[in-house]
file upload04.csv (CSV, C-alpha atoms)
chain,number,residue,atom,x,y,z
A,1,MET,CA,66.2,80.2,109.5
A,2,THR,CA,65.1,82.6,106.9
A,3,HIS,CA,63.0,85.5,108.2
A,4,THR,CA,60.6,87.5,106.0
A,5,SER,CA,59.7,90.8,107.4
A,6,PRO,CA,56.1,92.1,107.2
A,7,VAL,CA,55.4,94.1,104.2
A,8,SER,CA,54.3,97.0,106.3
A,9,THR,CA,57.8,97.5,107.7
A,10,THR,CA,59.0,98.7,104.3
A,11,ALA,CA,57.4,101.6,102.5
A,12,PRO,CA,56.8,101.3,98.8
A,13,ILE,CA,59.8,102.5,96.8
A,14,SER,CA,59.2,104.2,93.5
A,15,ASP,CA,62.8,105.0,92.8
A,16,PRO,CA,65.4,102.5,94.3
A,17,ASP,CA,68.3,104.7,93.1
A,18,GLN,CA,67.0,107.7,95.0
A,19,ALA,CA,66.4,105.5,98.1
A,20,GLN,CA,70.0,104.2,97.8
A,21,ARG,CA,71.4,107.8,97.7
A,22,ARG,CA,69.4,108.7,100.8
A,23,ILE,CA,70.6,105.5,102.6
A,24,LEU,CA,74.2,106.3,101.7
A,25,ARG,CA,73.9,109.8,103.1
A,26,VAL,CA,72.5,108.6,106.4
A,27,LEU,CA,75.2,105.9,106.7
A,28,VAL,CA,77.9,108.4,105.9
A,29,GLY,CA,76.7,110.6,108.8
A,30,SER,CA,76.6,107.7,111.3
A,31,GLN,CA,80.0,106.5,110.1
A,32,VAL,CA,81.6,109.9,110.7
A,33,LEU,CA,80.5,109.7,114.3
A,34,SER,CA,81.3,106.0,114.9
A,35,GLY,CA,84.7,106.5,113.4
A,36,ALA,CA,85.6,108.9,116.2
A,37,GLY,CA,84.3,106.4,118.7
A,38,LEU,CA,86.3,103.6,117.3
A,39,ALA,CA,89.6,105.4,116.8
A,40,ALA,CA,89.6,107.2,120.2
A,41,GLY,CA,89.5,104.0,122.1
A,42,VAL,CA,92.0,102.2,120.0
A,43,THR,CA,94.6,104.9,120.6
A,44,VAL,CA,94.8,104.6,124.4
A,45,GLY,CA,93.4,101.1,125.1
A,46,ALA,CA,96.7,99.4,125.3
A,47,LEU,CA,98.3,102.3,127.3
A,48,LEU,CA,95.5,102.2,129.8
A,49,ALA,CA,95.9,98.5,130.4
A,50,GLN,CA,99.7,98.9,130.6
A,51,ARG,CA,99.3,101.6,133.3
A,52,MET,CA,96.8,99.5,135.3
A,53,LEU,CA,98.7,96.2,135.1
A,54,GLY,CA,102.3,97.5,135.0
A,55,SER,CA,103.1,95.0,132.2
A,56,THR,CA,103.8,95.3,128.5
A,57,SER,CA,103.1,91.6,127.9
A,58,LEU,CA,99.4,92.1,128.5
A,59,ALA,CA,99.2,95.5,126.7
A,60,GLY,CA,97.6,93.7,123.7
A,61,LEU,CA,94.8,92.3,125.9
A,62,PRO,CA,92.5,95.4,125.4
A,63,SER,CA,92.6,95.0,121.7
A,64,ALA,CA,92.0,91.2,122.0
A,65,LEU,CA,89.0,91.9,124.3
A,66,PHE,CA,87.2,94.5,122.3
A,67,THR,CA,87.8,92.5,119.1
A,68,ALA,CA,86.4,89.4,120.9
A,69,GLY,CA,83.5,91.5,122.0
A,70,SER,CA,83.0,92.5,118.4
A,71,ALA,CA,82.8,88.9,117.5
A,72,LEU,CA,79.8,88.3,119.7
A,73,ALA,CA,78.3,91.6,118.6
A,74,ALA,CA,78.8,90.7,114.9
A,75,VAL,CA,76.6,87.6,115.4
A,76,ALA,CA,73.9,89.7,117.3
A,77,VAL,CA,73.9,92.6,114.8
A,78,GLY,CA,73.7,90.1,111.9
A,79,ARG,CA,70.8,88.2,113.4
A,80,VAL,CA,68.9,91.3,114.4
A,81,SER,CA,69.5,92.7,110.9
A,82,GLN,CA,68.3,89.4,109.3
A,83,ALA,CA,65.1,89.4,111.3
A,84,ARG,CA,64.2,93.1,111.6
A,85,GLY,CA,66.4,95.0,109.1
A,86,ARG,CA,69.6,97.0,109.2
A,87,ARG,CA,68.3,100.0,111.2
A,88,PRO,CA,67.6,98.2,114.5
A,89,GLY,CA,70.6,96.0,114.1
A,90,LEU,CA,73.1,98.8,113.6
A,91,ALA,CA,71.5,101.1,116.2
A,92,ALA,CA,71.6,98.5,118.9
A,93,GLY,CA,75.2,97.7,118.1
A,94,TYR,CA,76.3,101.4,118.5
A,95,LEU,CA,74.3,101.8,121.7
A,96,THR,CA,76.0,98.8,123.2
A,97,GLY,CA,79.4,100.3,122.2
A,98,ALA,CA,78.4,103.5,124.1
A,99,ILE,CA,77.6,101.5,127.2
A,100,GLY,CA,81.0,99.8,127.0
A,101,SER,CA,82.7,103.2,126.8
A,102,ALA,CA,81.0,104.3,130.0
A,103,GLY,CA,82.2,101.1,131.6
A,104,VAL,CA,85.8,101.8,130.7
A,105,ILE,CA,85.6,105.3,132.2
A,106,ALA,CA,84.1,103.8,135.4
A,107,ALA,CA,86.9,101.2,135.5
A,108,ALA,CA,89.6,103.8,135.2
A,109,VAL,CA,88.1,105.9,138.0
A,110,VAL,CA,88.0,103.0,140.4
A,111,ASP,CA,91.3,101.5,139.0
A,112,ASN,CA,89.7,98.1,138.5
A,113,PRO,CA,91.3,96.0,135.8
A,114,VAL,CA,88.6,93.3,135.8
A,115,LEU,CA,85.9,95.9,135.2
A,116,LEU,CA,88.1,97.4,132.5
A,117,PHE,CA,88.4,94.1,130.7
A,118,ILE,CA,84.6,93.5,130.9
A,119,ALA,CA,83.9,97.0,129.6
A,120,LEU,CA,86.3,96.7,126.8
A,121,PHE,CA,84.6,93.5,125.7
A,122,VAL,CA,81.2,95.4,125.6
A,123,TYR,CA,82.9,98.3,123.9
A,124,GLY,CA,83.8,96.0,121.0
A,125,ALA,CA,80.2,96.1,119.8
A,126,GLY,CA,80.9,99.5,118.3
A,127,THR,CA,83.8,98.1,116.2
A,128,ALA,CA,81.6,95.3,114.9
A,129,THR,CA,78.8,97.7,114.0
A,130,ASN,CA,81.1,100.1,112.3
A,131,LEU,CA,82.1,97.3,110.0
A,132,GLN,CA,78.6,95.8,109.5
A,133,ALA,CA,77.4,99.2,108.2
A,134,ARG,CA,79.4,98.6,105.0
A,135,TYR,CA,77.1,95.8,104.1
A,136,ALA,CA,74.1,98.1,104.4
A,137,GLY,CA,75.6,100.4,101.8
A,138,ALA,CA,75.6,97.5,99.3
A,139,ASP,CA,72.1,96.1,99.8
A,140,LEU,CA,70.5,98.3,97.2
A,141,ALA,CA,73.6,99.0,95.0
A,142,ALA,CA,73.6,98.0,91.4
A,143,PRO,CA,75.7,95.0,90.6
A,144,GLY,CA,78.6,96.9,89.0
A,145,HIS,CA,78.7,99.5,91.8
A,146,ARG,CA,78.7,97.3,95.0
A,147,ALA,CA,82.4,97.9,95.8
A,148,ARG,CA,82.0,101.6,95.4
A,149,ALA,CA,78.9,101.6,97.6
A,150,VAL,CA,80.8,99.8,100.3
A,151,SER,CA,83.7,102.3,99.8
A,152,THR,CA,81.4,105.3,100.3
A,153,VAL,CA,80.4,104.0,103.7
A,154,LEU,CA,83.9,103.1,104.7
A,155,VAL,CA,85.4,106.5,103.6
A,156,ALA,CA,83.0,108.3,105.9
A,157,THR,CA,84.8,106.7,108.9
A,158,THR,CA,87.9,108.7,107.9
A,159,LEU,CA,86.7,112.0,109.3
A,160,GLY,CA,85.9,110.6,112.7
A,161,GLY,CA,88.8,108.2,112.6
A,162,VAL,CA,91.4,110.8,112.0
A,163,ALA,CA,89.9,113.3,114.5
A,164,GLY,CA,89.5,110.8,117.3
A,165,PRO,CA,93.2,109.9,118.0
A,166,ASN,CA,94.2,113.6,117.7
A,167,LEU,CA,91.6,114.4,120.3
A,168,ALA,CA,93.3,112.0,122.8
A,169,ALA,CA,95.3,114.7,124.5
A,170,PRO,CA,92.5,117.3,124.8
A,171,THR,CA,90.0,114.8,125.9
A,172,GLY,CA,92.5,113.5,128.5
A,173,THR,CA,92.8,117.1,129.8
A,174,PHE,CA,89.1,117.4,129.9
A,175,ALA,CA,88.8,114.1,131.8
A,176,GLU,CA,91.3,115.3,134.4
A,177,HIS,CA,89.1,118.4,135.0
A,178,LEU,CA,86.3,116.0,135.8
A,179,GLY,CA,88.4,113.9,138.1
A,180,ILE,CA,88.8,111.1,135.6
A,181,PRO,CA,92.2,109.6,134.8
A,182,ASN,CA,93.8,111.2,131.7
A,183,LEU,CA,93.9,108.0,129.6
A,184,ALA,CA,90.2,107.4,130.0
A,185,GLY,CA,89.4,110.8,128.4
A,186,PRO,CA,89.1,109.4,124.8
A,187,PHE,CA,86.4,107.0,125.9
A,188,ILE,CA,84.2,110.0,126.8
A,189,LEU,CA,84.4,110.9,123.1
A,190,SER,CA,83.8,107.3,122.2
A,191,GLY,CA,80.6,107.0,124.3
A,192,ALA,CA,79.1,110.2,123.0
A,193,ALA,CA,80.0,109.4,119.3
A,194,TYR,CA,78.5,105.9,119.4
A,195,ALA,CA,75.3,107.1,121.1
A,196,LEU,CA,74.9,109.8,118.5
A,197,ALA,CA,75.5,107.3,115.7
A,198,ALA,CA,72.7,105.1,117.1
A,199,LEU,CA,70.4,108.1,117.2
A,200,VAL,CA,71.1,109.1,113.6
A,201,LEU,CA,70.4,105.6,112.3
A,202,SER,CA,67.2,105.2,114.4
A,203,LEU,CA,65.7,108.4,113.2
A,204,TRP,CA,66.8,108.6,109.5
A,205,LEU,CA,67.8,105.2,108.0
A,206,ARG,CA,64.5,104.9,106.2
A,207,PRO,CA,63.8,103.0,104.1
A,208,ASP,CA,65.6,100.1,105.6
A,209,PRO,CA,68.1,98.9,102.8
A,210,LEU,CA,67.9,95.2,103.5
A,211,LEU,CA,64.1,95.1,103.8
A,212,THR,CA,63.7,97.2,100.7
A,213,ALA,CA,66.1,94.9,98.7
A,214,ARG,CA,64.0,91.9,99.8
A,215,ALA,CA,60.8,93.6,98.8
A,216,LEU,CA,62.1,94.6,95.4
A,217,ALA,CA,63.5,91.1,94.8
A,218,ASP,CA,60.1,89.5,95.8
A,219,THR,CA,58.2,91.8,93.3
A,220,GLY,CA,60.8,91.3,90.6
A,221,GLU,CA,61.4,95.1,90.3
A,222,SER,CA,65.2,94.8,90.8
A,223,ASP,CA,67.9,92.1,90.5
A,224,ALA,CA,70.6,94.4,91.8
A,225,ALA,CA,70.8,92.6,95.1
A,226,THR,CA,71.2,89.1,93.6
A,227,ALA,CA,73.0,89.4,90.3
A,228,PRO,CA,76.8,88.8,90.1
A,229,ALA,CA,78.8,92.0,89.6
A,230,THR,CA,81.5,91.0,87.2
A,231,ALA,CA,83.0,88.1,85.4
A,232,ASP,CA,85.5,88.0,88.2
A,233,THR,CA,82.9,86.6,90.6
A,234,ALA,CA,80.2,85.3,88.3
A,235,THR,CA,81.7,81.8,88.2
A,236,THR,CA,82.6,81.6,91.9
A,237,ASP,CA,80.1,79.4,93.7
A,238,SER,CA,78.5,80.6,96.9
A,239,ARG,CA,80.5,78.5,99.3
A,240,GLY,CA,83.8,79.1,97.6
A,241,GLY,CA,83.1,82.9,97.5
A,242,VAL,CA,82.3,83.0,101.2
A,243,VAL,CA,85.5,81.1,102.1
A,244,LEU,CA,87.7,83.2,99.9
A,245,GLY,CA,86.1,86.5,101.0
A,246,ALA,CA,86.3,85.6,104.6
A,247,LEU,CA,90.0,84.4,104.3
A,248,VAL,CA,91.0,87.7,102.7
A,249,MET,CA,89.4,89.8,105.4
A,250,VAL,CA,90.6,87.5,108.2
A,251,LEU,CA,94.2,87.6,107.3
A,252,THR,CA,94.3,91.3,106.6
A,253,GLN,CA,92.5,91.9,110.0
A,254,LEU,CA,94.9,89.7,111.9
A,255,VAL,CA,98.0,91.4,110.5
A,256,MET,CA,96.6,94.9,110.8
A,257,VAL,CA,95.5,94.6,114.4
A,258,ALA,CA,98.7,92.9,115.6
A,259,ILE,CA,101.0,95.6,114.2
A,260,MET,CA,98.6,98.5,115.0
A,261,THR,CA,98.0,97.5,118.6
A,262,MET,CA,101.7,97.5,119.6
A,263,THR,CA,102.8,100.6,117.7
A,264,PRO,CA,101.7,103.1,120.4
A,265,VAL,CA,103.4,100.9,123.1
A,266,HIS,CA,106.6,100.7,120.9
A,267,MET,CA,106.6,104.4,120.5
A,268,HIS,CA,106.0,105.0,124.2
A,269,ASP,CA,108.9,102.8,125.0
A,270,HIS,CA,111.1,105.0,122.8
A,271,GLY,CA,110.1,108.2,124.6
A,272,HIS,CA,107.2,109.4,122.4
A,273,GLY,CA,104.1,110.9,124.1
A,274,THR,CA,100.4,110.3,123.6
A,275,ALA,CA,100.1,113.1,121.0
A,276,ALA,CA,102.8,111.5,118.8
A,277,SER,CA,101.3,108.0,119.0
A,278,GLY,CA,97.9,109.6,118.4
A,279,LEU,CA,99.2,111.2,115.2
A,280,VAL,CA,100.6,108.0,113.9
A,281,ILE,CA,97.3,106.1,114.6
A,282,ALA,CA,95.3,108.9,113.0
A,283,ILE,CA,97.4,108.5,109.8
A,284,HIS,CA,96.9,104.8,110.0
A,285,ILE,CA,93.1,105.1,110.5
A,286,GLY,CA,93.0,107.6,107.6
A,287,ALA,CA,94.8,105.2,105.4
A,288,MET,CA,92.4,102.5,106.4
A,289,TYR,CA,89.4,104.4,105.1
A,290,LEU,CA,90.4,107.4,103.0
A,291,PRO,CA,91.5,105.4,99.9
A,292,SER,CA,88.1,103.6,99.8
A,293,PRO,CA,86.6,105.4,96.8
A,294,LEU,CA,89.6,104.6,94.7
A,295,THR,CA,89.7,101.0,96.1
A,296,GLY,CA,86.0,100.5,95.3
A,297,TRP,CA,86.6,101.7,91.7
A,298,LEU,CA,89.6,99.5,91.3
A,299,VAL,CA,87.7,96.5,92.6
A,300,ASP,CA,84.7,97.1,90.3
A,301,ARG,CA,86.9,97.9,87.4
A,302,TYR,CA,89.7,95.3,87.7
A,303,GLY,CA,88.1,92.5,89.8
A,304,ARG,CA,88.1,91.3,93.3
A,305,MET,CA,90.9,88.8,92.9
A,306,LYS,CA,93.5,91.2,91.8
A,307,ILE,CA,92.9,93.7,94.5
A,308,ALA,CA,92.8,91.0,97.2
A,309,ALA,CA,96.2,89.8,96.0
A,310,ALA,CA,97.5,93.4,96.0
A,311,SER,CA,96.5,93.7,99.7
A,312,GLY,CA,98.9,91.0,100.7
A,313,ILE,CA,101.8,92.6,98.9
A,314,ILE,CA,101.1,96.0,100.5
A,315,LEU,CA,100.9,94.5,104.0
A,316,LEU,CA,104.2,92.8,103.4
A,317,ALA,CA,105.8,96.1,102.5
A,318,SER,CA,104.3,97.6,105.7
A,319,GLY,CA,105.6,94.9,107.9
A,320,ILE,CA,109.1,95.2,106.4
A,321,LEU,CA,109.2,99.0,106.8
A,322,ALA,CA,107.8,98.9,110.4
A,323,ALA,CA,110.5,96.3,111.3
A,324,LEU,CA,113.3,98.4,109.8
A,325,ALA,CA,112.1,101.8,111.0
A,326,PRO,CA,114.2,103.3,113.9
A,327,GLY,CA,112.1,103.6,117.1
A,328,ASP,CA,112.7,107.4,117.2
A,329,SER,CA,111.4,107.9,113.6
A,330,ILE,CA,107.8,109.1,113.7
A,331,ALA,CA,107.8,109.7,110.0
A,332,LEU,CA,108.9,106.1,109.0
A,333,LEU,CA,106.5,104.5,111.6
A,334,ALA,CA,103.7,106.7,110.2
A,335,LEU,CA,104.5,105.6,106.6
A,336,ALA,CA,104.5,101.9,107.7
A,337,LEU,CA,101.2,102.3,109.5
A,338,ALA,CA,99.8,104.1,106.4
A,339,LEU,CA,100.7,101.2,104.2
A,340,LEU,CA,99.2,98.9,106.9
A,341,GLY,CA,95.9,100.8,106.6
A,342,ILE,CA,95.9,100.7,102.8
A,343,GLY,CA,96.6,97.0,102.7
A,344,TRP,CA,93.7,96.4,105.1
A,345,ASN,CA,91.4,98.6,103.0
A,346,PHE,CA,92.2,96.6,99.8
A,347,GLY,CA,91.5,93.4,101.6
A,348,LEU,CA,88.3,94.6,103.3
A,349,VAL,CA,86.7,96.1,100.2
A,350,SER,CA,87.6,93.2,97.9
A,351,GLY,CA,86.6,90.6,100.5
A,352,THR,CA,83.3,92.4,101.2
A,353,ALA,CA,82.4,92.5,97.5
A,354,ILE,CA,83.1,88.8,97.1
A,355,ILE,CA,80.8,88.0,100.0
A,356,THR,CA,78.0,90.3,98.8
A,357,ASP,CA,78.2,88.9,95.3
A,358,THR,CA,77.9,85.3,96.4
A,359,VAL,CA,75.5,85.2,99.3
A,360,PRO,CA,71.7,85.2,98.5
A,361,LEU,CA,69.4,87.8,100.1
A,362,ALA,CA,67.6,85.2,102.1
A,363,THR,CA,70.6,84.5,104.3
A,364,ARG,CA,72.8,87.6,103.5
A,365,ALA,CA,72.8,89.5,106.9
A,366,ARG,CA,73.2,86.3,109.0
A,367,THR,CA,76.1,85.1,106.8
A,368,GLN,CA,77.7,88.5,106.8
A,369,GLY,CA,77.5,88.5,110.6
A,370,LEU,CA,79.2,85.1,110.8
A,371,VAL,CA,81.9,86.2,108.5
A,372,ASP,CA,82.6,89.2,110.7
A,373,VAL,CA,82.8,86.9,113.7
A,374,SER,CA,85.8,85.3,111.9
A,375,ILE,CA,87.3,88.7,111.3
A,376,ALA,CA,86.8,89.7,114.9
A,377,ILE,CA,88.4,86.5,116.2
A,378,ALA,CA,91.3,87.1,113.9
A,379,GLY,CA,91.6,90.6,115.4
A,380,ALA,CA,91.4,89.3,118.9
A,381,THR,CA,94.1,86.7,118.2
A,382,GLY,CA,96.3,89.4,116.6
A,383,GLY,CA,95.8,91.8,119.5
A,384,MET,CA,96.5,89.2,122.2
A,385,ALA,CA,99.4,87.6,120.5
A,386,SER,CA,101.1,90.9,119.6
A,387,GLY,CA,101.8,91.9,123.2
A,388,ILE,CA,103.1,88.4,124.1
A,389,MET,CA,105.3,88.3,121.0
A,390,VAL,CA,106.8,91.8,121.6
A,391,ALA,CA,107.5,90.9,125.2
A,392,ALA,CA,109.2,87.7,124.1
A,393,THR,CA,111.0,89.1,121.0
A,394,SER,CA,110.6,92.6,119.8
A,395,TYR,CA,108.3,94.9,117.8
A,396,PRO,CA,110.4,94.6,114.6
A,397,ALA,CA,110.0,90.8,114.8
A,398,LEU,CA,106.2,91.2,115.2
A,399,ALA,CA,106.0,93.5,112.2
A,400,LEU,CA,108.1,91.3,110.0
A,401,THR,CA,106.1,88.2,111.0
A,402,GLY,CA,102.8,89.9,110.2
A,403,GLY,CA,104.1,91.0,106.8
A,404,VAL,CA,105.2,87.6,105.8
A,405,LEU,CA,102.0,86.0,107.0
A,406,SER,CA,100.0,88.3,104.7
A,407,LEU,CA,101.6,86.6,101.7
A,408,ALA,CA,99.3,83.6,102.4
A,409,LEU,CA,96.7,85.6,100.4
A,410,LEU,CA,98.5,85.0,97.2
A,411,PRO,CA,98.2,81.2,96.9
A,412,ALA,CA,94.5,81.4,98.1
A,413,VAL,CA,93.6,83.9,95.4
A,414,ALA,CA,95.6,81.9,92.8
A,415,ALA,CA,93.9,78.7,93.7
A,416,THR,CA,90.5,80.2,93.4
A,417,ALA,CA,91.3,81.8,90.0
A,418,TYR,CA,92.7,78.4,88.8
A,419,ARG,CA,89.4,76.6,89.8
A,420,ARG,CA,87.4,79.1,87.8
call {"tool": "encode", "arguments": {"input": "upload04.csv", "output": "structure tokens"}}
result
Amino acid sequence: MTHTSPVSTTAPISDPDQAQRRILRVLVGSQVLSGAGLAAGVTVGALLAQRMLGSTSLAGLPSALFTAGSALAAVAVGRVSQARGRRPGLAAGYLTGAIGSAGVIAAAVVDNPVLLFIALFVYGAGTATNLQARYAGADLAAPGHRARAVSTVLVATTLGGVAGPNLAAPTGTFAEHLGIPNLAGPFILSGAAYALAALVLSLWLRPDPLLTARALADTGESDAATAPATADTATTDSRGGVVLGALVMVLTQLVMVAIMTMTPVHMHDHGHGTAASGLVIAIHIGAMYLPSPLTGWLVDRYGRMKIAAASGIILLASGILAALAPGDSIALLALALALLGIGWNFGLVSGTAIITDTVPLATRARTQGLVDVSIAIAGATGGMASGIMVAATSYPALALTGGVLSLALLPAVAATAYRR
């Protein structure tokens, strides 16, 4: 169902470019906050479950749960955004993530694994919303600058994403002073960060980018939201573009989550503490988002297909390095996780650009939400399977399998290029 918002919900825009700059500034501010909320929880989620359950085989369950929760949230945020605009959709998603963080803290205090798993499911809304925000950055972007607009939003996550894991130890100490288990400390940061991100968007994401893009399209003042960006995507039909863009992001998410989830557990088993694993995850999170401006430029300059193919090759290199790195080598594991983040970044930016280029405004937010459901399901699968595979085989086997799986991107991109 296509929803057209009342004209009164969108103020007249005399300068779309100025509106786009304001929107990007607000999105950057909210992403800095939400990045901290996302990364802090990722750092200790597996360790918290391992402590509660006393089993490594289920250590991947937290990642699976909050990525499964993000699947449901992606649908909800997409539908709310479709009906009412990006501002209420994104704000509601972050607020839900804050509620989930509070639930994780409560579960840790009462030592209740069932409550922990429910809360982690709700916490996943923050992850979904953090990713959905990238679409808001592209709504008003000019055709040849969509990937760079997406990248601007993504790179803002770097500041919070790098700070969050490195605050795992001090927030753990702070939690102990409050009578809360150490490993639940980062979720105090997550809850506060997500709540503040929701407040920033509610107050300042004006004009709403999606509603404004619709209004401009209806009046014929701008074709930026509907025109194809480059020859690389101009001949890709809508259905084929959605399938290819989704496939690129699904595979990169699956591989990234699987390897990332079990790295802190792998390091813990080799005698490394929370601070060391937090540093490696911080480097990984930084690599996921920090290259975004360069990635956006590469995608706009050289085309979506080439960068999508490059993501598969980089992920393969990451998997091989992680498999071969000695368990006591923080440096090599950090390098492997950095490559993992870069490969994911290449896949996310190129895949997002493909989706944005090929989906019309009338159904854009809803379709984007459904695509992100696939991404979240892939992440949940990777997170759940990673713990089981490591328990049955080893971390190196998991890393190598993930790297090889990423090569499936190459024939998919080649087939699409051949059809064009």
call {"tool": "closest_atom_pairs", "arguments": {"input": "upload04.csv", "of": "segment 27-108 of chain A", "to": "segment 200-222 of chain A", "cutoff": "8 Å", "atoms": "all atoms listed in the file", "output": "Markdown table"}}
result
| residue | atom | partner | partner_atom | distance |
| --- | --- | --- | --- | --- |
| A:Leu27 | CA | A:Leu201 | CA | 7.4 |
| A:Gly29 | CA | A:Val200 | CA | 7.5 |
| A:Ser30 | CA | A:Val200 | CA | 6.1 |
| A:Ser81 | CA | A:Leu210 | CA | 8.0 |
| A:Gly85 | CA | A:Leu211 | CA | 5.8 |
| A:Arg86 | CA | A:Asp208 | CA | 6.2 |
| A:Arg87 | CA | A:Leu201 | CA | 6.1 |
| A:Pro88 | CA | A:Ser202 | CA | 7.0 |
| A:Leu90 | CA | A:Leu201 | CA | 7.4 |
| A:Ala91 | CA | A:Leu201 | CA | 6.1 |
call {"tool": "atom_distance", "arguments": {"input": "upload04.csv", "atom1": "atom CA of Tyr135 of chain A", "atom2": "atom CA of Ala258 of chain A"}}
result
24.6 Å
call {"tool": "residues_around", "arguments": {"input": "upload04.csv", "residues": "segment 105-108 of chain A", "least_positions_apart": "5", "cutoff": "6 Å", "atoms": "only C-alpha atoms", "output": "list of chain:residue names"}}
result
A:Leu115, A:Leu116, A:Ala184
call {"tool": "residues_around", "arguments": {"input": "upload04.csv", "residues": "Leu72 of chain A", "least_positions_apart": "6", "cutoff": "9 Å", "atoms": "all atoms listed in the file", "output": "VMD selection string"}}
result
chain A and resid 124 to 125 128 373 376
call {"tool": "atom_distance", "arguments": {"input": "upload04.csv", "atom1": "atom CA of Leu361 of chain A", "atom2": "atom CA of Ala138 of chain A"}}
result
11.5 Å
call {"tool": "residues_near_point", "arguments": {"input": "upload04.csv", "point": "(90.4, 92.1, 106.0)", "cutoff": "10 Å", "atoms": "only C-alpha atoms", "output": "number ranges by chain"}}
result
A: 245-256, 308, 311, 343-352, 372, 375-376, 378-379
call {"tool": "atom_distance", "arguments": {"input": "upload04.csv", "atom1": "atom CA of Pro170 of chain A", "atom2": "atom CA of Ser101 of chain A"}}
result
17.3 Å
call {"tool": "residues_around", "arguments": {"input": "upload04.csv", "residues": "Met52 of chain A", "least_positions_apart": "3", "cutoff": "9 Å", "atoms": "all atoms listed in the file", "output": "list in words"}}
result
Leu47, Leu48, Ala49, Ser55, Ala108, Asp111, Asn112 and Pro113 of chain A
call {"tool": "residues_around", "arguments": {"input": "upload04.csv", "residues": "segment 119-123 of chain A", "least_positions_apart": "3", "cutoff": "8 Å", "atoms": "only C-alpha atoms", "output": "PyMOL selection string"}}
result
chain A and resi 62+65-70+96-104+107+115-116+126-127
call {"tool": "residues_near_point", "arguments": {"input": "upload04.csv", "point": "(103.5, 95.5, 100.6)", "cutoff": "10 Å", "atoms": "only C-alpha atoms", "output": "number ranges by chain"}}
result
A: 310-321, 336, 339-340, 342-343, 403-404, 406-407
call {"tool": "residues_around", "arguments": {"input": "upload04.csv", "residues": "segment 144-160 of chain A", "least_positions_apart": "6", "cutoff": "7 Å", "atoms": "only C-alpha atoms", "output": "list in words"}}
result
Leu24, Leu27, Val28, Gln31, Val32, Leu33, Ser34, Gly35, Ala36, Arg134, Tyr135, Gly137, Ala138, Ala229, Thr230, Ile285, Gly286, Tyr289, Leu290, Ser292, Pro293, Gly296, Trp297, Val299, Asp300, Val349 and Ala353 of chain A
call {"tool": "write_last_selection", "arguments": {"input": "upload04.csv", "atoms": "C-alpha atoms", "output": "PDB file, keeping the file's coordinate frame"}}
result
ATOM      1  CA  LEU A  24      74.200 106.300 101.700  1.00  0.00           C
ATOM      2  CA  LEU A  27      75.200 105.900 106.700  1.00  0.00           C
ATOM      3  CA  VAL A  28      77.900 108.400 105.900  1.00  0.00           C
ATOM      4  CA  GLN A  31      80.000 106.500 110.100  1.00  0.00           C
ATOM      5  CA  VAL A  32      81.600 109.900 110.700  1.00  0.00           C
ATOM      6  CA  LEU A  33      80.500 109.700 114.300  1.00  0.00           C
ATOM      7  CA  SER A  34      81.300 106.000 114.900  1.00  0.00           C
ATOM      8  CA  GLY A  35      84.700 106.500 113.400  1.00  0.00           C
ATOM      9  CA  ALA A  36      85.600 108.900 116.200  1.00  0.00           C
ATOM     10  CA  ARG A 134      79.400  98.600 105.000  1.00  0.00           C
ATOM     11  CA  TYR A 135      77.100  95.800 104.100  1.00  0.00           C
ATOM     12  CA  GLY A 137      75.600 100.400 101.800  1.00  0.00           C
ATOM     13  CA  ALA A 138      75.600  97.500  99.300  1.00  0.00           C
ATOM     14  CA  ALA A 229      78.800  92.000  89.600  1.00  0.00           C
ATOM     15  CA  THR A 230      81.500  91.000  87.200  1.00  0.00           C
ATOM     16  CA  ILE A 285      93.100 105.100 110.500  1.00  0.00           C
ATOM     17  CA  GLY A 286      93.000 107.600 107.600  1.00  0.00           C
ATOM     18  CA  TYR A 289      89.400 104.400 105.100  1.00  0.00           C
ATOM     19  CA  LEU A 290      90.400 107.400 103.000  1.00  0.00           C
ATOM     20  CA  SER A 292      88.100 103.600  99.800  1.00  0.00           C
ATOM     21  CA  PRO A 293      86.600 105.400  96.800  1.00  0.00           C
ATOM     22  CA  GLY A 296      86.000 100.500  95.300  1.00  0.00           C
ATOM     23  CA  TRP A 297      86.600 101.700  91.700  1.00  0.00           C
ATOM     24  CA  VAL A 299      87.700  96.500  92.600  1.00  0.00           C
ATOM     25  CA  ASP A 300      84.700  97.100  90.300  1.00  0.00           C
ATOM     26  CA  VAL A 349      86.700  96.100 100.200  1.00  0.00           C
ATOM     27  CA  ALA A 353      82.400  92.500  97.500  1.00  0.00           C
TER      28      ALA A 353
END
call {"tool": "closest_residue", "arguments": {"input": "upload04.csv", "among": "A:Gln132, A:Leu167, A:Ser277, A:Val114", "to": "Leu370 of chain A", "atoms": "all atoms listed in the file"}}
result
A:Gln132
call {"tool": "closest_residue", "arguments": {"input": "upload04.csv", "among": "A:Thr261, A:Thr367, A:Ser394, A:Thr173", "to": "Val75 of chain A", "atoms": "all atoms listed in the file"}}
result
A:Thr367
call {"tool": "closest_residue", "arguments": {"input": "upload04.csv", "among": "A:Ile283, A:Leu183, A:Leu95, A:Leu244", "to": "Leu196 of chain A", "atoms": "all atoms listed in the file"}}
result
A:Leu95
call {"tool": "closest_residue", "arguments": {"input": "upload04.csv", "among": "A:Arg304, A:Arg21, A:His268, A:His284", "to": "Gly241 of chain A", "atoms": "all atoms listed in the file"}}
result
A:Arg304
call {"tool": "closest_residue", "arguments": {"input": "upload04.csv", "among": "A:Leu298, A:Ala282, A:Ala275, A:Ala46", "to": "Leu61 of chain A", "atoms": "all atoms listed in the file"}}
result
A:Ala46
call {"tool": "decode", "arguments": {"input": "upload04.csv", "residues": "segment 355-359 of chain A", "atoms": "C-alpha atoms", "output": "short mmCIF file (atom, residue, chain, number, x, y, z; two decimals), in the first residue's frame"}}
result
data_model
loop_
_atom_site.label_atom_id
_atom_site.label_comp_id
_atom_site.auth_asym_id
_atom_site.auth_seq_id
_atom_site.Cartn_x
_atom_site.Cartn_y
_atom_site.Cartn_z
CA ILE A 355 18.71 -0.47 -3.91
CA THR A 356 18.23 3.30 -3.78
CA ASP A 357 18.81 3.63 -7.52
CA THR A 358 16.25 1.03 -8.50
CA VAL A 359 13.33 1.42 -6.04
#
